[in-house]
Every structure is written in C-alpha cells, then in structure tokens.
Amino acid sequence: MYNLLNNLIGNDYLAAVVAALLPLFVFILPYALMAVLAERKVSAFMQDRLGPNRLGGKYGLLQTVADILKLFQKEDIVASEADKKLFNIAPVLVFTGTYAAFAAIPFSGAYIGSDIDLGLFYIVAISSLVVAGILMGGWASNNKYSLIGAMRSAAQIVSYEIPTALVILAMVMVTGSLNLREISEMQTAYIWNWNIFGGAFSGIEKFLLIPFMLISFVIIYISTLAEVNRVPFDIPEAESELVSGFHTEYSGMKFAMFFLSEYANMFAVSAVVTSLFFGGYQSPFGYLGNTLGISWLVPLEQLFWFAAKGLFFVFVQMWLRWTLPRLRVDQLMTVCWKYLIPYAFVNLIIVGLITLL
Amino acid sequence: MLTEFGKIFVFILLAAVFVVVAIFASKLIRPARPTKEKLLTYECGENPEGSPWIKFNIRFYVVALIFLIFDVEVVLLFPWALAYKDYGLSGFLVGAIFLLVLGLGMAYEWRKGDLEWARPVINPPVIKKQPYVKEVASQISADDNQTVLQDQEI
C-alpha cells in the first residue's frame, strides 16, 4: 500500500502522510459514527424500545451526523477555576494515544501503518498515553467528580494492563513474534490455524494448547474491557454517581474528541484480540480472489474479514454493557489482582512448557 | 525514505493535528458568550464547596507502586519470551525462576493485605418488631380520605 501510494504521489513524505490518514478517514470516523448509533440501537432493542428513528429513515441512520453537527455548534466552556493549559492538552493526548496504536495494527495483508518488529510492545506502550491524558483532564477540570473519575480510571487502566501484558507475553511465546502482521500471516488458510485453536502447531501440542488459548482469550478480553472503561468496569464514569467521570467539565468539540477516542479505543483492543487469537485479517476459509484469479480482490476480502471480526467484538462489548451490572471499586481490584493476574501467570508458565515440547 | 518508526511519528503527529484542527474548526462556528454562572465549576447546580484538590485514598498510590514493579518485570520478560526457545529447557528455567521470585513478591503483598481495597463497613439497621397499632392505622386512612375529598372539592 505504501509503495503504491509512493508511486502514485511520487513524494515519500506525502505518501506517509496519506497512509497515516487512511485509517482515520476511511475507517475510524465512519466506524465511530455508526458505532455510536449502533450502541443506542442495541441498547434500545435490548430494552424493547425503538431508539433513535427520526433522522435518516426507519433506523435513524443520520442521528450521529446530527449529533456531530450539534457538537460543532456547542459553546466550549472552560470553567474559570480550571487549569486551562492542561485542560486543553488532555483531549489531544487521549486521542493521540488511541490513534497511535492503530499504526501497528494490520488492517489487511496490504495495509499496515508501520511494519515494525516491536508492534505489540509498541501498542502496549503507546496506549498508556491515554492514562496520562485522562488524569490530566480530570485534574485540570478542578471538579470533584472529574478528579475521582480520573483517579479511578488511572488505577483501573494501570492495573488491568498487567494481565493484558502477561497474556500478550504468552502469545509471543506461542508465535515467536511481536509483529501483528507476522502473527496474522501465521494463522493463514483455515479456521483451525487460528491461535485460539492452537495456531500453526500440529499433533499433541495443538490439542494441549487449545484450553490455555481459551483461558488466555477470556483473560485478555476481560482486561481490555476494563482498559477501555466499558461496563461492567465503567466505575470511572459511573453516570449514576459521578455525572460522567473525568470528562464532566468538557463540552463541545473537546467532549466529542473524548467520545471519538473511546470508540476508537474499543475497536483498537478488539483488533488486537482479533489479530492475536482469531486470525487477524485472515479468512476462516479460502479467498474468492484466489479462486477467481483476481489478485486485487484478496486484500479487500481481508479488510472485510478484519472489520467483521473486529466489529463483532465491539458488538459483544455493547452486549455486555446492557447485560451486566457495574462492579464496585474493591471488586474491580479483586478481580484484577487476585484472579486475573495469578491465572495469567500460571497460564504463561504452562504455555511456555507446552511450546518447549 | 522514511523508516518504520518515522511512519509512527507521522501517525502521532497527524493524530494531534487532527484534534487541534477539529477544535479550531468548531471555534469558527460556535458562539462564545461566557457568563459568570456558566464558568462555575459543575457541582449539580450548587455553588462549589472548597477545592477538589484534596488528600486522596492512599490505595491509589499503593496500586500505582505495585503496578510499577510488575510493569518493569513484564518489560524485562518480553525479550526473554522471544528468545527462550533457542536455549531449550535451561532458557525456559531462567525465566521461570524470575517469574517465581515475582510470584513470591506478589504472595507477600497479598499476605500483607496490600491488594485489599478499603471496603465500607456495612452496619444494617436492626429493625425491631413492633406490634401493629390499629388506632394509628385507622388515623392514617382517615387522613388519606380527607385529603382525597379536599382534592375533589377543589
């Protein structure tokens, strides 16, 4: 993709700029628009309501567009007590941390923002930037709700980063690579080559790995759910006690940026889980493009499979939101430190032993 | 030619630029009519009481400390996870011993109670059984009837 753009445009740096803007404008913005609507529709259907249905036909397809236009016109209020510099930097930092993670996520065989060997490590590292942004926003608001929300959020994201990292370590041991594109390439061909079904191993190793892959998947899914502050781990912005947590004081476009990065983050963690366990952009069976002999169709099919898998996990996150009640702070910490981390440790050691066989 | 890290830099730069441009674009359209009440810190419509920058639960600090230790360990384990297969069982044992020491540290913290979050002590009120007083009950129902009648008259 990068080479193609380079040939088209002729300038190296311009091609990099276009390649970096592609995921944002082609995927994340339309996705976020639809995801906000989908969230409301899913919740409505689960509660036997209709949800938004006035704009854009029966399903309210234009509702989010109207919301964005409304947010554009909203007055931007910065409380006089707030620390204005930090208050304004916070949304930039949160969105940058979220979007930078997309650089190492392969959208299809033909497109990856940056094909570095440190991919997974980079994603774990750069998404910590979000914590700094959240803490900054909460502190600078000079508001009690914001500060409590920010502190809770920081403690939660920081704690749940450890089980995530431990599971990623186990997956690194299985695949022997940190590059998400390479990991996706390893799970090629058929559904039983996906890492959740033992990956590219064969014989007894594969069957021994399957249960531990399932455990790894459950651990990483729970902890990424907590990392993006989704229900049942949404105590940072528990709307019934903290108004809306760390972004209580934000309005207008700055609030929209927090919202956008929240939805982008939901997809980012789903994409990482997909790439690690469910074959990334690989199709569960063969490609139509290969059968017909049309080579340019394959990357598009891969993009379709990647988006489909990622969006499925985003849908599961919404589903869980309207199924489970919120945890208390002490329960949240107990789940992380006393259950997920010990299990992840044991899982790591056993997976290491199996790969040595 | 840009390196792979150069491309990441472009990503980070453009993300920041996108947010700044979006906020400035809305600044051209949106109104700005600040009043004293609008600029008050939000506290459910009340005047804010005191500063929110107060002493915080020490647990947050302890969690941050434990996280720091674990995160450094995980960072150290990443190169090991990539390379241990080249050294066979001995390579694995090196990492396993490291993990064991880490596990012992965690067991110590657990035993010391540093993983416990301060939980609210719940003292449910003890409800004494009271005999049902008939006169009071009839009094209440009579009051109810009166109010209903008054409503109808109005």
# chains A, B, ... in the order shown; residues from 1 in each chain; ligands from 1

$ interface_residues --of "chain A" --to "chain B" --cutoff "7 Å" --atoms "only C-alpha atoms" --output "PyMOL selection string"
chain A and resi 12+16-17+20+72-75+77-81+92+95-96+99-100+103+114-116+142-144+155+158-159+162+165+169+172-173+176-177+249+253-254+330+337+349+356

$ residues_around --residues "Ile157 of chain A" --least-positions-apart "4" --cutoff "7 Å" --atoms "only C-alpha atoms" --output "list in words"
Ser153, Glu161, Ala226 and Glu227 of chain A

$ write_last_selection --atoms "all heavy atoms" --output "PDB file, in the first residue's frame"
ATOM      1  N   SER A 153     -10.035   5.837  37.093  1.00  0.00           N
ATOM      2  CA  SER A 153      -9.701   5.388  35.753  1.00  0.00           C
ATOM      3  C   SER A 153      -8.231   5.018  35.668  1.00  0.00           C
ATOM      4  O   SER A 153      -7.866   3.972  35.119  1.00  0.00           O
ATOM      5  CB  SER A 153     -10.027   6.501  34.764  1.00  0.00           C
ATOM      6  OG  SER A 153      -9.807   6.070  33.475  1.00  0.00           O
ATOM      7  N   GLU A 161      -3.582  -3.405  32.884  1.00  0.00           N
ATOM      8  CA  GLU A 161      -2.561  -3.513  31.856  1.00  0.00           C
ATOM      9  C   GLU A 161      -1.698  -4.753  32.102  1.00  0.00           C
ATOM     10  O   GLU A 161      -1.166  -5.333  31.158  1.00  0.00           O
ATOM     11  CB  GLU A 161      -1.699  -2.261  31.880  1.00  0.00           C
ATOM     12  CG  GLU A 161      -1.090  -1.924  30.548  1.00  0.00           C
ATOM     13  CD  GLU A 161      -0.414  -0.582  30.604  1.00  0.00           C
ATOM     14  OE1 GLU A 161      -1.161   0.411  30.623  1.00  0.00           O
ATOM     15  OE2 GLU A 161       0.806  -0.524  30.652  1.00  0.00           O
ATOM     16  N   ALA A 226     -11.813  -3.691  30.660  1.00  0.00           N
ATOM     17  CA  ALA A 226     -11.549  -2.750  31.751  1.00  0.00           C
ATOM     18  C   ALA A 226     -10.671  -1.611  31.273  1.00  0.00           C
ATOM     19  O   ALA A 226     -10.815  -0.482  31.724  1.00  0.00           O
ATOM     20  CB  ALA A 226     -10.873  -3.467  32.906  1.00  0.00           C
ATOM     21  N   GLU A 227      -9.760  -1.893  30.345  1.00  0.00           N
ATOM     22  CA  GLU A 227      -8.851  -0.840  29.897  1.00  0.00           C
ATOM     23  C   GLU A 227      -9.563   0.248  29.116  1.00  0.00           C
ATOM     24  O   GLU A 227      -9.097   1.386  29.081  1.00  0.00           O
ATOM     25  CB  GLU A 227      -7.738  -1.440  29.041  1.00  0.00           C
ATOM     26  CG  GLU A 227      -6.569  -1.920  29.858  1.00  0.00           C
ATOM     27  CD  GLU A 227      -5.364  -2.165  28.994  1.00  0.00           C
ATOM     28  OE1 GLU A 227      -4.878  -1.199  28.415  1.00  0.00           O
ATOM     29  OE2 GLU A 227      -4.948  -3.317  28.881  1.00  0.00           O
TER      30      GLU A 227
END

$ select_by_dssp --residues "segment 16-154 of chain A" --states "alpha helix (DSSP H)" --output "PyMOL selection string"
chain A and resi 16-22+29-46+63-73+84-101+119-126+129-140+144-154

$ residues_around --residues "Val174 of chain A" --least-positions-apart "2" --cutoff "12 Å" --atoms "only C-alpha atoms" --output "VMD selection string"
(chain A and resid 167 to 172 176 to 178 183 186 to 187 194 to 196 198 to 201 205 to 206 209 to 210 212 to 213 216 276 to 277 347 to 357) or (chain B and resid 81 to 85)

$ write_last_selection --atoms "N, CA and C atoms" --output "compact mmCIF listing (two decimals), in the first residue's frame"
# COMPACT_ATOMS: atom_id res chain seq x y z
N VAL A 167 -0.79 -11.90 29.08
CA VAL A 167 -1.37 -12.75 28.03
C VAL A 167 -0.65 -12.49 26.71
N ILE A 168 -0.32 -11.23 26.44
CA ILE A 168 0.41 -10.92 25.21
C ILE A 168 1.76 -11.64 25.22
N LEU A 169 2.38 -11.68 26.42
CA LEU A 169 3.64 -12.43 26.56
C LEU A 169 3.45 -13.89 26.19
N ALA A 170 2.37 -14.49 26.70
CA ALA A 170 2.11 -15.90 26.38
C ALA A 170 1.94 -16.07 24.88
N MET A 171 1.25 -15.11 24.23
CA MET A 171 1.05 -15.22 22.79
C MET A 171 2.37 -15.02 22.04
N VAL A 172 3.24 -14.18 22.59
CA VAL A 172 4.56 -14.00 21.98
C VAL A 172 5.34 -15.31 22.06
N GLY A 176 6.25 -16.50 18.69
CA GLY A 176 7.65 -16.14 18.49
C GLY A 176 7.81 -14.84 17.73
N SER A 177 6.80 -13.98 17.78
CA SER A 177 6.91 -12.71 17.06
C SER A 177 6.13 -11.64 17.79
N LEU A 178 6.57 -10.38 17.65
CA LEU A 178 5.83 -9.25 18.22
C LEU A 178 5.10 -8.47 17.15
N ILE A 183 2.12 -12.29 12.92
CA ILE A 183 1.25 -13.19 13.69
C ILE A 183 0.00 -13.54 12.88
N MET A 186 0.79 -16.04 10.16
CA MET A 186 0.97 -17.42 10.64
C MET A 186 -0.36 -18.17 10.71
N GLN A 187 -1.46 -17.42 10.87
CA GLN A 187 -2.75 -18.08 11.07
C GLN A 187 -3.52 -18.19 9.76
N TRP A 194 -6.14 -20.76 13.38
CA TRP A 194 -6.20 -19.60 14.25
C TRP A 194 -5.59 -19.97 15.60
N ASN A 195 -5.04 -18.95 16.27
CA ASN A 195 -4.35 -19.23 17.53
C ASN A 195 -5.28 -19.75 18.60
N ILE A 196 -6.56 -19.38 18.52
CA ILE A 196 -7.48 -19.87 19.55
C ILE A 196 -7.63 -21.38 19.42
N GLY A 198 -5.11 -23.36 18.68
CA GLY A 198 -3.77 -23.95 18.76
C GLY A 198 -2.80 -23.45 17.73
N GLY A 199 -3.20 -22.57 16.86
CA GLY A 199 -2.28 -21.94 15.93
C GLY A 199 -1.69 -22.91 14.92
N ALA A 200 -0.47 -22.60 14.50
CA ALA A 200 0.16 -23.37 13.43
C ALA A 200 0.83 -24.63 13.96
N PHE A 201 0.65 -24.94 15.24
CA PHE A 201 1.25 -26.17 15.77
C PHE A 201 0.51 -27.39 15.22
N GLU A 205 0.78 -31.04 20.67
CA GLU A 205 0.97 -29.67 21.15
C GLU A 205 -0.27 -28.84 20.91
N LYS A 206 -0.86 -29.00 19.71
CA LYS A 206 -2.03 -28.23 19.34
C LYS A 206 -3.17 -28.49 20.31
N LEU A 209 -2.58 -27.01 23.68
CA LEU A 209 -2.62 -25.54 23.70
C LEU A 209 -4.05 -24.99 23.75
N ILE A 210 -5.00 -25.71 23.11
CA ILE A 210 -6.35 -25.15 22.95
C ILE A 210 -6.96 -24.65 24.25
N PHE A 212 -5.58 -23.62 26.97
CA PHE A 212 -4.88 -22.46 27.50
C PHE A 212 -5.06 -21.24 26.63
N MET A 213 -5.26 -21.48 25.34
CA MET A 213 -5.58 -20.35 24.46
C MET A 213 -6.94 -19.78 24.83
N SER A 216 -6.48 -17.77 27.92
CA SER A 216 -5.81 -16.51 27.58
C SER A 216 -6.79 -15.53 26.97
N LEU A 276 -4.53 -11.45 17.58
CA LEU A 276 -3.80 -12.43 18.39
C LEU A 276 -4.45 -13.79 18.34
N PHE A 277 -5.78 -13.85 18.40
CA PHE A 277 -6.44 -15.13 18.60
C PHE A 277 -7.26 -15.60 17.40
N ASN A 347 -0.90 -19.48 33.47
CA ASN A 347 -1.11 -19.69 32.04
C ASN A 347 0.17 -19.48 31.25
N LEU A 348 0.90 -18.42 31.62
CA LEU A 348 2.16 -18.10 30.93
C LEU A 348 3.15 -19.24 31.07
N ILE A 349 3.30 -19.75 32.30
CA ILE A 349 4.30 -20.81 32.54
C ILE A 349 3.90 -22.09 31.81
N ILE A 350 2.61 -22.45 31.86
CA ILE A 350 2.19 -23.70 31.21
C ILE A 350 2.35 -23.58 29.70
N VAL A 351 1.97 -22.43 29.13
CA VAL A 351 2.12 -22.25 27.68
C VAL A 351 3.58 -22.35 27.30
N GLY A 352 4.46 -21.78 28.15
CA GLY A 352 5.89 -21.87 27.88
C GLY A 352 6.35 -23.32 27.85
N LEU A 353 5.87 -24.11 28.82
CA LEU A 353 6.26 -25.55 28.87
C LEU A 353 5.77 -26.28 27.65
N ILE A 354 4.52 -26.00 27.23
CA ILE A 354 3.96 -26.72 26.08
C ILE A 354 4.75 -26.42 24.81
N THR A 355 5.11 -25.13 24.64
CA THR A 355 5.84 -24.78 23.41
C THR A 355 7.22 -25.43 23.38
N LEU A 356 7.72 -25.82 24.56
CA LEU A 356 9.05 -26.47 24.58
C LEU A 356 8.99 -27.92 24.14
N LEU A 357 7.80 -28.52 24.17
CA LEU A 357 7.67 -29.95 23.86
C LEU A 357 8.26 -30.31 22.49
N ALA B 81 10.79 -13.84 26.25
CA ALA B 81 9.74 -14.62 25.57
C ALA B 81 10.07 -14.83 24.10
N LEU B 82 10.81 -13.89 23.52
CA LEU B 82 11.15 -14.05 22.10
C LEU B 82 12.32 -15.02 21.91
N ALA B 83 13.20 -15.14 22.92
CA ALA B 83 14.47 -15.84 22.69
C ALA B 83 14.61 -17.16 23.42
N TYR B 84 13.69 -17.47 24.38
CA TYR B 84 13.97 -18.63 25.26
C TYR B 84 14.01 -19.94 24.51
N LYS B 85 13.31 -20.02 23.35
CA LYS B 85 13.26 -21.30 22.63
C LYS B 85 14.64 -21.71 22.11

$ atom_distance --atom1 "atom CA of Gly109 of chain A" --atom2 "atom CA of Ile215 of chain A"
27.9 Å

$ residues_around --residues "Ile219 of chain A" --least-positions-apart "5" --cutoff "8 Å" --atoms "only C-alpha atoms" --output "list of chain:residue names"
A:Pro163, A:Thr164, A:Val167, A:Leu340, A:Ala344

$ residues_around --residues "Leu324 of chain A" --least-positions-apart "2" --cutoff "12 Å" --atoms "only C-alpha atoms" --output "list of chain:residue names"
A:Arg230, A:Val231, A:Pro232, A:Phe233, A:Asp234, A:Val316, A:Gln317, A:Met318, A:Trp319, A:Leu320, A:Arg321, A:Trp322, A:Arg326, A:Leu327

$ residues_around --residues "Ser141 of chain A" --least-positions-apart "2" --cutoff "7 Å" --atoms "only C-alpha atoms" --output "PyMOL selection string"
chain A and resi 82-83+87+137-139+143+146+249

$ atom_distance --atom1 "atom CA of Gly119 of chain A" --atom2 "atom CA of Ser184 of chain A"
12.1 Å

$ closest_residue --among "A:Ala66, A:Lys41, A:Tyr287, A:Ser275" --to "Thr175 of chain A" --atoms "only C-alpha atoms"
A:Ser275
